[in-house]
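Participant: mmCIF, C-alpha atoms and all ligand atoms, saved as data.cif, coming up:
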```
data_target
#
loop_
_atom_site.label_atom_id
_atom_site.label_comp_id
_atom_site.auth_asym_id
_atom_site.auth_seq_id
_atom_site.Cartn_x
_atom_site.Cartn_y
_atom_site.Cartn_z
CA MET A 204 5.28 99.98 53.15
CA GLY A 205 6.16 98.77 56.59
CA THR A 206 6.51 100.81 59.68
CA VAL A 207 9.15 103.44 59.47
CA ILE A 208 7.80 105.68 62.17
CA ASP A 209 8.79 109.25 62.57
CA ALA A 210 9.25 109.13 66.30
CA ALA A 211 8.87 112.89 66.48
CA THR A 212 5.19 112.55 65.65
CA LYS A 213 4.56 110.29 68.62
CA ASP A 214 3.68 111.20 72.16
CA ASN A 215 7.12 110.41 73.47
CA ASP A 216 8.56 113.62 74.78
CA GLY A 217 10.75 111.73 77.22
CA SER A 218 12.63 109.78 74.56
CA ALA A 219 16.06 110.81 73.43
CA LEU A 220 15.12 109.16 70.15
CA ALA A 221 12.31 111.59 69.46
CA SER A 222 14.14 113.35 66.65
CA LYS A 223 15.65 110.37 64.83
CA LYS A 224 13.76 108.52 62.14
CA VAL A 225 14.73 104.86 62.32
CA THR A 226 13.80 101.47 60.91
CA ILE A 227 14.05 98.67 63.42
CA ILE A 228 13.92 94.91 63.02
CA PHE A 229 13.77 92.86 66.19
CA VAL A 230 15.66 89.57 66.06
CA LEU A 231 14.22 87.02 68.45
CA GLY A 232 14.68 83.35 69.32
CA GLY A 233 15.81 81.26 72.26
CA PRO A 234 19.22 81.45 73.88
CA GLY A 235 21.78 79.99 71.49
CA SER A 236 19.40 79.97 68.51
CA GLY A 237 21.90 81.92 66.36
CA LYS A 238 20.53 85.47 66.59
CA GLY A 239 23.95 87.10 66.86
CA THR A 240 25.54 84.80 64.29
CA GLN A 241 22.87 85.53 61.70
CA CYS A 242 22.82 89.27 62.43
CA ALA A 243 26.54 89.36 61.65
CA ASN A 244 25.74 87.75 58.27
CA ILE A 245 22.82 90.08 57.57
CA VAL A 246 24.74 93.31 58.20
CA GLN A 247 27.26 92.34 55.55
CA HIS A 248 24.59 92.47 52.87
CA TYR A 249 21.78 94.79 53.92
CA GLY A 250 23.31 97.91 55.47
CA TYR A 251 21.89 97.43 58.94
CA THR A 252 23.67 98.11 62.20
CA HIS A 253 23.49 95.20 64.64
CA LEU A 254 22.76 95.94 68.30
CA SER A 255 22.64 93.06 70.77
CA ALA A 256 20.75 93.87 73.98
CA GLY A 257 22.78 91.21 75.81
CA ASP A 258 26.08 92.66 74.56
CA LEU A 259 25.02 96.17 75.59
CA LEU A 260 24.09 94.92 79.07
CA ARG A 261 27.40 93.05 79.44
CA ALA A 262 29.33 96.16 78.36
CA GLU A 263 27.36 98.28 80.84
CA ARG A 264 28.09 95.75 83.61
CA ASP A 265 31.81 95.78 82.77
CA SER A 266 31.98 99.58 82.61
CA GLY A 267 31.67 99.88 86.38
CA SER A 268 28.25 101.53 86.14
CA GLU A 269 26.05 101.84 89.20
CA ASN A 270 23.80 99.16 87.69
CA GLY A 271 26.72 96.79 87.17
CA THR A 272 26.06 94.48 90.10
CA MET A 273 22.34 94.29 89.44
CA ILE A 274 22.95 93.47 85.75
CA ASP A 275 25.56 90.87 86.68
CA ASN A 276 23.16 89.16 89.08
CA MET A 277 20.30 89.16 86.59
CA ILE A 278 22.46 87.68 83.81
CA ALA A 279 23.89 85.01 86.11
CA GLU A 280 20.31 84.00 87.00
CA GLY A 281 19.00 84.26 83.44
CA LYS A 282 16.53 86.93 84.58
CA ILE A 283 15.43 89.95 82.57
CA VAL A 284 16.90 93.31 83.50
CA PRO A 285 14.30 96.07 84.06
CA SER A 286 13.32 97.65 80.75
CA GLU A 287 14.33 101.14 81.80
CA VAL A 288 18.00 100.13 81.91
CA THR A 289 18.03 98.19 78.64
CA ILE A 290 16.02 100.79 76.72
CA LYS A 291 18.40 103.57 77.77
CA LEU A 292 21.33 101.52 76.46
CA LEU A 293 19.53 100.85 73.18
CA GLU A 294 18.56 104.51 72.77
CA ARG A 295 22.12 105.62 73.41
CA ALA A 296 23.54 103.11 70.91
CA ILE A 297 21.02 104.13 68.24
CA LEU A 298 21.77 107.82 68.71
CA GLU A 299 25.52 107.26 68.67
CA THR A 300 25.33 105.40 65.36
CA ASP A 301 25.31 107.19 62.06
CA ASN A 302 22.80 104.83 60.48
CA ASP A 303 19.01 104.69 60.48
CA LYS A 304 18.52 100.92 60.07
CA PHE A 305 18.99 98.63 63.07
CA LEU A 306 18.77 94.94 63.83
CA ILE A 307 18.07 94.68 67.54
CA ASP A 308 18.87 91.21 68.79
CA GLY A 309 17.57 89.75 72.06
CA PHE A 310 15.01 92.48 72.64
CA PRO A 311 12.12 92.65 73.53
CA ARG A 312 12.52 89.69 75.85
CA ASN A 313 9.22 90.05 77.71
CA GLU A 314 5.98 92.00 77.59
CA GLU A 315 7.43 94.73 79.80
CA ASN A 316 10.37 95.22 77.38
CA ARG A 317 7.98 95.39 74.43
CA ALA A 318 5.41 97.76 75.86
CA ALA A 319 7.99 100.07 77.47
CA PHE A 320 10.06 100.39 74.28
CA GLU A 321 6.97 101.22 72.27
CA SER A 322 5.66 103.79 74.70
CA VAL A 323 9.02 105.41 75.46
CA THR A 324 10.28 105.66 71.88
CA GLY A 325 7.05 105.54 69.86
CA ILE A 326 8.75 103.03 67.57
CA GLU A 327 7.25 99.80 66.28
CA PRO A 328 9.42 97.25 64.51
CA GLU A 329 9.25 96.93 60.75
CA PHE A 330 9.06 93.19 61.39
CA VAL A 331 10.46 90.48 63.65
CA LEU A 332 12.94 87.82 62.55
CA PHE A 333 12.31 84.68 64.56
CA PHE A 334 14.89 81.92 64.80
CA ASP A 335 13.03 78.81 65.85
CA CYS A 336 15.47 76.22 67.11
CA SER A 337 15.15 73.02 69.16
CA GLU A 338 16.19 73.08 72.81
CA GLU A 339 18.60 70.26 72.08
CA GLU A 340 20.40 72.25 69.39
CA MET A 341 20.39 75.46 71.45
CA THR A 342 21.93 73.60 74.41
CA ARG A 343 24.59 72.09 72.18
CA ARG A 344 25.45 75.51 70.74
CA LEU A 345 25.52 77.27 74.14
CA LEU A 346 27.77 74.64 75.72
CA SER A 347 30.21 74.62 72.84
CA ARG A 348 30.68 78.32 72.13
CA ASN A 349 33.29 79.07 74.82
CA GLN A 350 32.75 82.81 75.08
CA GLY A 351 33.57 82.85 78.77
CA ARG A 352 30.01 83.82 79.71
CA THR A 353 28.80 83.31 83.26
CA ASP A 354 25.41 82.17 81.98
CA ASP A 355 26.52 79.46 79.53
CA ASN A 356 26.40 76.68 82.14
CA ILE A 357 23.74 74.01 82.30
CA GLU A 358 22.02 75.36 85.47
CA THR A 359 21.64 78.88 84.08
CA ILE A 360 20.76 77.57 80.62
CA LYS A 361 17.76 75.74 82.12
CA LYS A 362 16.62 78.99 83.77
CA ARG A 363 17.08 80.91 80.51
CA PHE A 364 14.96 78.37 78.62
CA LYS A 365 12.22 78.71 81.25
CA VAL A 366 12.26 82.52 80.94
CA TYR A 367 12.22 82.17 77.16
CA MET A 368 9.17 79.87 77.20
CA GLU A 369 7.25 81.85 79.81
CA SER A 370 8.15 85.45 78.94
CA SER A 371 9.71 85.72 75.48
CA LEU A 372 7.53 83.37 73.40
CA PRO A 373 4.39 85.40 74.26
CA VAL A 374 6.08 88.46 72.72
CA ILE A 375 6.74 86.51 69.52
CA GLU A 376 3.11 85.36 69.57
CA TYR A 377 2.01 88.97 70.00
CA TYR A 378 3.92 90.04 66.89
CA ASN A 379 2.74 86.95 65.04
CA SER A 380 -0.86 87.98 65.68
CA LYS A 381 -0.01 91.31 64.04
CA GLY A 382 1.46 89.52 60.99
CA LYS A 383 4.95 90.79 61.76
CA VAL A 384 6.90 87.58 62.29
CA ARG A 385 9.25 86.29 59.57
CA ARG A 386 10.92 82.90 59.97
CA PRO A 387 14.10 82.81 57.93
CA ILE A 388 15.22 79.61 56.30
CA ILE A 389 18.86 78.98 57.09
CA TYR A 390 21.02 76.98 54.75
CA ILE A 391 24.04 75.46 56.36
CA CYS A 392 26.75 74.73 53.83
CA PRO A 393 28.56 71.48 54.48
O1 LIG B 1 20.68 87.76 74.40
P1 LIG B 1 21.70 87.22 75.36
O2 LIG B 1 21.69 85.72 75.42
O3 LIG B 1 23.06 87.77 75.14
O4 LIG B 1 21.24 87.74 76.80
C1 LIG B 1 21.97 87.36 77.94
C2 LIG B 1 21.25 87.82 79.18
O5 LIG B 1 21.14 89.25 79.18
C3 LIG B 1 19.82 87.33 79.33
O6 LIG B 1 19.74 86.00 79.80
C4 LIG B 1 19.30 88.33 80.35
O7 LIG B 1 19.77 88.05 81.66
C5 LIG B 1 19.96 89.62 79.86
N1 LIG B 1 19.05 90.33 78.93
C6 LIG B 1 18.03 91.09 79.49
N2 LIG B 1 17.15 91.76 78.68
C7 LIG B 1 17.28 91.69 77.34
C8 LIG B 1 18.32 90.93 76.75
C9 LIG B 1 19.20 90.25 77.59
O8 LIG B 1 17.90 91.15 80.71
N3 LIG B 1 16.39 92.33 76.57
MG MG B 2 23.65 86.85 71.38
#
```
Give the structure from this file in structure tokens form.
Facilitator:
Amino acid sequence: MGTVIDAATKDNDGSALASKKVTIIFVLGGPGSGKGTQCANIVQHYGYTHLSAGDLLRAERDSGSENGTMIDNMIAEGKIVPSEVTIKLLERAILETDNDKFLIDGFPRNEENRAAFESVTGIEPEFVLFFDCSEEEMTRRLLSRNQGRTDDNIETIKKRFKVYMESSLPVIEYYNSKGKVRRPIIYICP
């Protein structure tokens, strides 16, 4: 079997998740590669709850939290918010949800995200779904989706691609070296 870890057995006294047994799949890929779109399809068939790290950060920003301005600035620059903030949001969402199977999309985004989540929660992903998509297609998707996001403009998109190449791809490579990466084949019906 894969890695359903009983977090209570790990050295993670500080984690609010310590008493909840969960299965987690990380969903990774570049900006605009279709992570959110495909997660919405997957939850309809497999009983997972979808959590998007980006959506949680945007909701936290809009809630008037003390971290709101910092999160807003980081998103507008395509930079990665400190792990502490994002992990707290993920932990809270997992605990608030009456399910034990989660698709976490857009996290971990860098080595700091990955290592901090593992050491704070004691949880390793069951596996990682990786959506590999060309920059050309991702740009086309980002510029046509009209979600009113401050970061879907060509200047910020370039910064997000740079962060993806420099910081996120190494995380995917890390999981690949552990045999945990799955590359789904997507059929697009005409
Ligand atoms: O995944 P999504 O494209 O919605 O993320 C939007 C932005 O949210 C990222 O460019 C980044 O600024 C922030 N983010 C983050 N850490 C994550 C996920 C997203 O800082 N793990
Ligand atoms: Mg998304």
Participant: Excluding stretch 277-292 of chain A and its own-chain neighbours fewer than 5 positions away, which residues fall within 6 Å of it when counting only C-alpha atoms? Please give them as a PDB file with C-alpha atoms, in the frame of the given file.
Facilitator:
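Below you can see result_14.pdb, which holds the result:
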```
ATOM      1  CA  ASN A 316      10.370  95.220  77.380  1.00  0.00           C
ATOM      2  CA  THR A 353      28.800  83.310  83.260  1.00  0.00           C
ATOM      3  CA  ASP A 354      25.410  82.170  81.980  1.00  0.00           C
ATOM      4  CA  LYS A 362      16.620  78.990  83.770  1.00  0.00           C
ATOM      5  CA  ARG A 363      17.080  80.910  80.510  1.00  0.00           C
TER       6      ARG A 363
END
```
Participant: Between A:Gly382, A:Ser218, A:Gln247, A:Leu345, which has the minimum distance to A:Ala319 (counting all atoms listed in the file)?
Facilitator: A:Ser218
Participant: Please compute the atom CA of A:Ile228-atom CA of A:Lys304 distance, one decimal, in Å.
Facilitator: 8.1 Å
Participant: Excluding stretch 333-336 of chain A and residues on its chain fewer than 5 positions from it, collect all residues at most 9 Å away from it, counting only C-alpha atoms, and give them as a PDB file with C-alpha atoms, in the coordinates of the input.
Facilitator:
```
ATOM      1  CA  PHE A 229      13.770  92.860  66.190  1.00  0.00           C
ATOM      2  CA  VAL A 230      15.660  89.570  66.060  1.00  0.00           C
ATOM      3  CA  LEU A 231      14.220  87.020  68.450  1.00  0.00           C
ATOM      4  CA  GLY A 232      14.680  83.350  69.320  1.00  0.00           C
ATOM      5  CA  GLY A 233      15.810  81.260  72.260  1.00  0.00           C
ATOM      6  CA  GLY A 235      21.780  79.990  71.490  1.00  0.00           C
ATOM      7  CA  SER A 236      19.400  79.970  68.510  1.00  0.00           C
ATOM      8  CA  GLY A 237      21.900  81.920  66.360  1.00  0.00           C
ATOM      9  CA  LYS A 238      20.530  85.470  66.590  1.00  0.00           C
ATOM     10  CA  MET A 341      20.390  75.460  71.450  1.00  0.00           C
ATOM     11  CA  ILE A 375       6.740  86.510  69.520  1.00  0.00           C
ATOM     12  CA  VAL A 384       6.900  87.580  62.290  1.00  0.00           C
ATOM     13  CA  ARG A 385       9.250  86.290  59.570  1.00  0.00           C
ATOM     14  CA  ARG A 386      10.920  82.900  59.970  1.00  0.00           C
ATOM     15  CA  PRO A 387      14.100  82.810  57.930  1.00  0.00           C
ATOM     16  CA  ILE A 388      15.220  79.610  56.300  1.00  0.00           C
TER      17      ILE A 388
END
```
Participant: Can you pull out every residue with an atom within 8 Å of ligand MG 2 (chain B)? Use all atoms listed in the file and format it as a VMD selection string.
Facilitator: chain A and resid 234 to 235 237 to 240 255 257 to 258 308 to 309
Participant: Using all atoms listed in the file, can you tell me which of A:Glu321, A:Asp301, A:Glu338, A:Asp355 comes closest to ligand LIG 1 (chain B)?
Facilitator: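 Closest to ligand LIG 1 (chain B) of all the choices is A:Asp355.
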Participant: Rounded to one decimal place, report the atom CA of A:Leu298-atom CA of A:Ser222 distance in Å.
Facilitator: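 Going from atom CA of A:Leu298 over to atom CA of A:Ser222 covers 9.6 Å.
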Participant: Ligand LIG 1 (chain B), all listed atoms, 4 Å padding on each side: what axis-aligned box centre and edge lengths in Å to one decimal come out, as AutoDock Vina command-line options?
Facilitator:
```
--center_x 19.7 --center_y 89.0 --center_z 78.0 --size_x 14.7 --size_y 14.6 --size_z 15.3
```
Participant: Rounded to one decimal place, report the atom CA of A:Leu254-atom CA of A:Arg343 distance in Å.
Facilitator: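 Separating atom CA of A:Leu254 from atom CA of A:Arg343 is a distance of 24.2 Å.
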Participant: When distances are computed from only C-alpha atoms and all ligand atoms, which of A:His253, A:Arg261, A:Arg295, A:Lys383 shows the smallest separation from ligand LIG 1 (chain B)?
Facilitator: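 Looking only at the distances to ligand LIG 1 (chain B), the closest residue turns out to be A:Arg261.
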Participant: I need the residue nearest ligand LIG 1 (chain B) from this list: A:Asn356, A:Asn313, A:Ser370, A:Ser337. Use all atoms listed in the file for the distance.
Facilitator: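 Once distances to ligand LIG 1 (chain B) are computed over all atoms listed in the file, the minimum belongs to A:Asn313.
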Participant: Of the residues A:Ile357, A:Ala318, A:Ile307, A:Leu259, which is the one nearest to A:Tyr377, using only C-alpha atoms?
Facilitator: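 When distances to A:Tyr377 are compared using only C-alpha atoms, the smallest one comes from A:Ala318.
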Participant: Identify which of the residues A:Ala243, A:Asp275, A:Asn379, A:Thr252 lies closest to A:Arg352, counting all atoms listed in the file when measuring atom-to-atom distances.
Facilitator: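 For A:Arg352, the nearest of the candidates is A:Asp275.
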Participant: For stretch 326-342 of chain A in the structure I just supplied, write out all heavy atoms - as a PDB file, in the first residue's frame.
Facilitator:
```
ATOM      1  N   ILE A 326       3.257  14.117   7.552  1.00  0.00           N
ATOM      2  CA  ILE A 326       2.529  13.463   6.459  1.00  0.00           C
ATOM      3  C   ILE A 326       3.331  13.504   5.157  1.00  0.00           C
ATOM      4  O   ILE A 326       3.845  14.551   4.769  1.00  0.00           O
ATOM      5  CB  ILE A 326       1.169  14.153   6.229  1.00  0.00           C
ATOM      6  CG1 ILE A 326       0.301  14.015   7.486  1.00  0.00           C
ATOM      7  CG2 ILE A 326       0.445  13.558   5.021  1.00  0.00           C
ATOM      8  CD1 ILE A 326      -0.966  14.854   7.432  1.00  0.00           C
ATOM      9  N   GLU A 327       3.400  12.334   4.511  1.00  0.00           N
ATOM     10  CA  GLU A 327       3.975  12.269   3.167  1.00  0.00           C
ATOM     11  C   GLU A 327       2.851  11.983   2.190  1.00  0.00           C
ATOM     12  O   GLU A 327       1.903  11.275   2.529  1.00  0.00           O
ATOM     13  CB  GLU A 327       4.977  11.116   3.075  1.00  0.00           C
ATOM     14  CG  GLU A 327       6.347  11.487   3.563  1.00  0.00           C
ATOM     15  CD  GLU A 327       7.350  10.384   3.257  1.00  0.00           C
ATOM     16  OE1 GLU A 327       7.274   9.798   2.160  1.00  0.00           O
ATOM     17  OE2 GLU A 327       8.169  10.115   4.129  1.00  0.00           O
ATOM     18  N   PRO A 328       2.944  12.513   0.971  1.00  0.00           N
ATOM     19  CA  PRO A 328       1.851  12.253   0.027  1.00  0.00           C
ATOM     20  C   PRO A 328       1.827  10.793  -0.407  1.00  0.00           C
ATOM     21  O   PRO A 328       2.871  10.147  -0.502  1.00  0.00           O
ATOM     22  CB  PRO A 328       2.193  13.158  -1.160  1.00  0.00           C
ATOM     23  CG  PRO A 328       3.671  13.291  -1.112  1.00  0.00           C
ATOM     24  CD  PRO A 328       4.037  13.269   0.345  1.00  0.00           C
ATOM     25  N   GLU A 329       0.625  10.330  -0.677  1.00  0.00           N
ATOM     26  CA  GLU A 329       0.446   9.002  -1.272  1.00  0.00           C
ATOM     27  C   GLU A 329       1.198   8.957  -2.615  1.00  0.00           C
ATOM     28  O   GLU A 329       1.956   8.051  -2.895  1.00  0.00           O
ATOM     29  CB  GLU A 329      -1.054   8.798  -1.495  1.00  0.00           C
ATOM     30  CG  GLU A 329      -1.442   7.491  -2.098  1.00  0.00           C
ATOM     31  CD  GLU A 329      -1.823   6.471  -1.029  1.00  0.00           C
ATOM     32  OE1 GLU A 329      -1.626   6.771   0.160  1.00  0.00           O
ATOM     33  OE2 GLU A 329      -2.299   5.398  -1.392  1.00  0.00           O
ATOM     34  N   PHE A 330       0.925   9.964  -3.430  1.00  0.00           N
ATOM     35  CA  PHE A 330       1.686  10.185  -4.660  1.00  0.00           C
ATOM     36  C   PHE A 330       1.446  11.613  -5.132  1.00  0.00           C
ATOM     37  O   PHE A 330       0.722  12.379  -4.484  1.00  0.00           O
ATOM     38  CB  PHE A 330       1.350   9.149  -5.761  1.00  0.00           C
ATOM     39  CG  PHE A 330      -0.085   9.072  -6.165  1.00  0.00           C
ATOM     40  CD1 PHE A 330      -0.594   9.923  -7.142  1.00  0.00           C
ATOM     41  CD2 PHE A 330      -0.934   8.122  -5.608  1.00  0.00           C
ATOM     42  CE1 PHE A 330      -1.925   9.838  -7.535  1.00  0.00           C
ATOM     43  CE2 PHE A 330      -2.268   8.026  -5.997  1.00  0.00           C
ATOM     44  CZ  PHE A 330      -2.760   8.897  -6.962  1.00  0.00           C
ATOM     45  N   VAL A 331       2.091  11.954  -6.247  1.00  0.00           N
ATOM     46  CA  VAL A 331       1.998  13.312  -6.790  1.00  0.00           C
ATOM     47  C   VAL A 331       1.470  13.229  -8.214  1.00  0.00           C
ATOM     48  O   VAL A 331       2.022  12.486  -9.034  1.00  0.00           O
ATOM     49  CB  VAL A 331       3.405  13.974  -6.803  1.00  0.00           C
ATOM     50  CG1 VAL A 331       3.381  15.317  -7.519  1.00  0.00           C
ATOM     51  CG2 VAL A 331       3.938  14.132  -5.385  1.00  0.00           C
ATOM     52  N   LEU A 332       0.401  13.958  -8.492  1.00  0.00           N
ATOM     53  CA  LEU A 332      -0.084  14.046  -9.876  1.00  0.00           C
ATOM     54  C   LEU A 332       0.615  15.237 -10.507  1.00  0.00           C
ATOM     55  O   LEU A 332       0.558  16.344  -9.966  1.00  0.00           O
ATOM     56  CB  LEU A 332      -1.587  14.316  -9.915  1.00  0.00           C
ATOM     57  CG  LEU A 332      -2.550  13.170  -9.705  1.00  0.00           C
ATOM     58  CD1 LEU A 332      -3.976  13.685  -9.893  1.00  0.00           C
ATOM     59  CD2 LEU A 332      -2.271  12.035 -10.678  1.00  0.00           C
ATOM     60  N   PHE A 333       1.235  15.013 -11.642  1.00  0.00           N
ATOM     61  CA  PHE A 333       2.005  16.086 -12.281  1.00  0.00           C
ATOM     62  C   PHE A 333       1.426  16.375 -13.658  1.00  0.00           C
ATOM     63  O   PHE A 333       1.428  15.512 -14.543  1.00  0.00           O
ATOM     64  CB  PHE A 333       3.468  15.657 -12.375  1.00  0.00           C
ATOM     65  CG  PHE A 333       4.336  16.577 -13.189  1.00  0.00           C
ATOM     66  CD1 PHE A 333       4.189  17.960 -13.131  1.00  0.00           C
ATOM     67  CD2 PHE A 333       5.324  16.057 -14.016  1.00  0.00           C
ATOM     68  CE1 PHE A 333       4.993  18.808 -13.892  1.00  0.00           C
ATOM     69  CE2 PHE A 333       6.142  16.885 -14.775  1.00  0.00           C
ATOM     70  CZ  PHE A 333       5.972  18.265 -14.706  1.00  0.00           C
ATOM     71  N   PHE A 334       0.944  17.604 -13.824  1.00  0.00           N
ATOM     72  CA  PHE A 334       0.428  18.033 -15.123  1.00  0.00           C
ATOM     73  C   PHE A 334       1.516  18.785 -15.869  1.00  0.00           C
ATOM     74  O   PHE A 334       1.836  19.917 -15.531  1.00  0.00           O
ATOM     75  CB  PHE A 334      -0.827  18.900 -14.949  1.00  0.00           C
ATOM     76  CG  PHE A 334      -1.987  18.119 -14.404  1.00  0.00           C
ATOM     77  CD1 PHE A 334      -2.384  18.244 -13.092  1.00  0.00           C
ATOM     78  CD2 PHE A 334      -2.649  17.214 -15.217  1.00  0.00           C
ATOM     79  CE1 PHE A 334      -3.436  17.489 -12.593  1.00  0.00           C
ATOM     80  CE2 PHE A 334      -3.706  16.453 -14.731  1.00  0.00           C
ATOM     81  CZ  PHE A 334      -4.094  16.593 -13.420  1.00  0.00           C
ATOM     82  N   ASP A 335       2.086  18.105 -16.848  1.00  0.00           N
ATOM     83  CA  ASP A 335       3.175  18.669 -17.627  1.00  0.00           C
ATOM     84  C   ASP A 335       2.565  19.354 -18.845  1.00  0.00           C
ATOM     85  O   ASP A 335       1.871  18.713 -19.618  1.00  0.00           O
ATOM     86  CB  ASP A 335       4.086  17.510 -18.078  1.00  0.00           C
ATOM     87  CG  ASP A 335       5.446  17.985 -18.486  1.00  0.00           C
ATOM     88  OD1 ASP A 335       5.697  19.194 -18.389  1.00  0.00           O
ATOM     89  OD2 ASP A 335       6.251  17.136 -18.912  1.00  0.00           O
ATOM     90  N   CYS A 336       2.818  20.633 -18.988  1.00  0.00           N
ATOM     91  CA  CYS A 336       2.123  21.398 -20.019  1.00  0.00           C
ATOM     92  C   CYS A 336       3.106  22.413 -20.599  1.00  0.00           C
ATOM     93  O   CYS A 336       3.943  22.949 -19.856  1.00  0.00           O
ATOM     94  CB  CYS A 336       0.951  22.101 -19.311  1.00  0.00           C
ATOM     95  SG  CYS A 336      -0.203  22.924 -20.389  1.00  0.00           S
ATOM     96  N   SER A 337       3.014  22.689 -21.896  1.00  0.00           N
ATOM     97  CA  SER A 337       3.964  23.627 -22.498  1.00  0.00           C
ATOM     98  C   SER A 337       3.692  25.055 -22.017  1.00  0.00           C
ATOM     99  O   SER A 337       2.555  25.408 -21.679  1.00  0.00           O
ATOM    100  CB  SER A 337       3.860  23.590 -24.031  1.00  0.00           C
ATOM    101  OG  SER A 337       2.637  24.186 -24.428  1.00  0.00           O
ATOM    102  N   GLU A 338       4.765  25.859 -22.001  1.00  0.00           N
ATOM    103  CA  GLU A 338       4.613  27.251 -21.567  1.00  0.00           C
ATOM    104  C   GLU A 338       3.642  27.999 -22.466  1.00  0.00           C
ATOM    105  O   GLU A 338       2.865  28.839 -22.015  1.00  0.00           O
ATOM    106  CB  GLU A 338       5.988  27.940 -21.582  1.00  0.00           C
ATOM    107  CG  GLU A 338       6.297  28.550 -20.237  1.00  0.00           C
ATOM    108  CD  GLU A 338       7.669  29.196 -20.168  1.00  0.00           C
ATOM    109  OE1 GLU A 338       7.865  30.294 -20.734  1.00  0.00           O
ATOM    110  OE2 GLU A 338       8.530  28.589 -19.533  1.00  0.00           O
ATOM    111  N   GLU A 339       3.673  27.652 -23.733  1.00  0.00           N
ATOM    112  CA  GLU A 339       2.788  28.303 -24.700  1.00  0.00           C
ATOM    113  C   GLU A 339       1.314  28.059 -24.349  1.00  0.00           C
ATOM    114  O   GLU A 339       0.495  28.978 -24.306  1.00  0.00           O
ATOM    115  CB  GLU A 339       3.103  27.731 -26.086  1.00  0.00           C
ATOM    116  CG  GLU A 339       2.429  28.435 -27.218  1.00  0.00           C
ATOM    117  CD  GLU A 339       2.601  27.662 -28.524  1.00  0.00           C
ATOM    118  OE1 GLU A 339       3.202  26.557 -28.510  1.00  0.00           O
ATOM    119  OE2 GLU A 339       2.119  28.160 -29.545  1.00  0.00           O
ATOM    120  N   GLU A 340       1.010  26.805 -24.040  1.00  0.00           N
ATOM    121  CA  GLU A 340      -0.375  26.449 -23.698  1.00  0.00           C
ATOM    122  C   GLU A 340      -0.776  27.046 -22.340  1.00  0.00           C
ATOM    123  O   GLU A 340      -1.894  27.535 -22.159  1.00  0.00           O
ATOM    124  CB  GLU A 340      -0.507  24.911 -23.692  1.00  0.00           C
ATOM    125  CG  GLU A 340      -1.903  24.382 -23.373  1.00  0.00           C
ATOM    126  CD  GLU A 340      -2.970  24.830 -24.380  1.00  0.00           C
ATOM    127  OE1 GLU A 340      -2.627  25.310 -25.466  1.00  0.00           O
ATOM    128  OE2 GLU A 340      -4.170  24.709 -24.038  1.00  0.00           O
ATOM    129  N   MET A 341       0.157  27.021 -21.386  1.00  0.00           N
ATOM    130  CA  MET A 341      -0.162  27.600 -20.068  1.00  0.00           C
ATOM    131  C   MET A 341      -0.437  29.100 -20.207  1.00  0.00           C
ATOM    132  O   MET A 341      -1.386  29.619 -19.614  1.00  0.00           O
ATOM    133  CB  MET A 341       0.990  27.354 -19.075  1.00  0.00           C
ATOM    134  CG  MET A 341       1.137  25.890 -18.695  1.00  0.00           C
ATOM    135  SD  MET A 341       2.215  25.598 -17.275  1.00  0.00           S
ATOM    136  CE  MET A 341       3.838  25.755 -17.942  1.00  0.00           C
ATOM    137  N   THR A 342       0.364  29.784 -21.011  1.00  0.00           N
ATOM    138  CA  THR A 342       0.162  31.229 -21.203  1.00  0.00           C
ATOM    139  C   THR A 342      -1.204  31.483 -21.840  1.00  0.00           C
ATOM    140  O   THR A 342      -1.950  32.363 -21.411  1.00  0.00           O
ATOM    141  CB  THR A 342       1.269  31.819 -22.116  1.00  0.00           C
ATOM    142  OG1 THR A 342       2.524  31.457 -21.577  1.00  0.00           O
ATOM    143  CG2 THR A 342       1.170  33.325 -22.216  1.00  0.00           C
TER     144      THR A 342
END
```
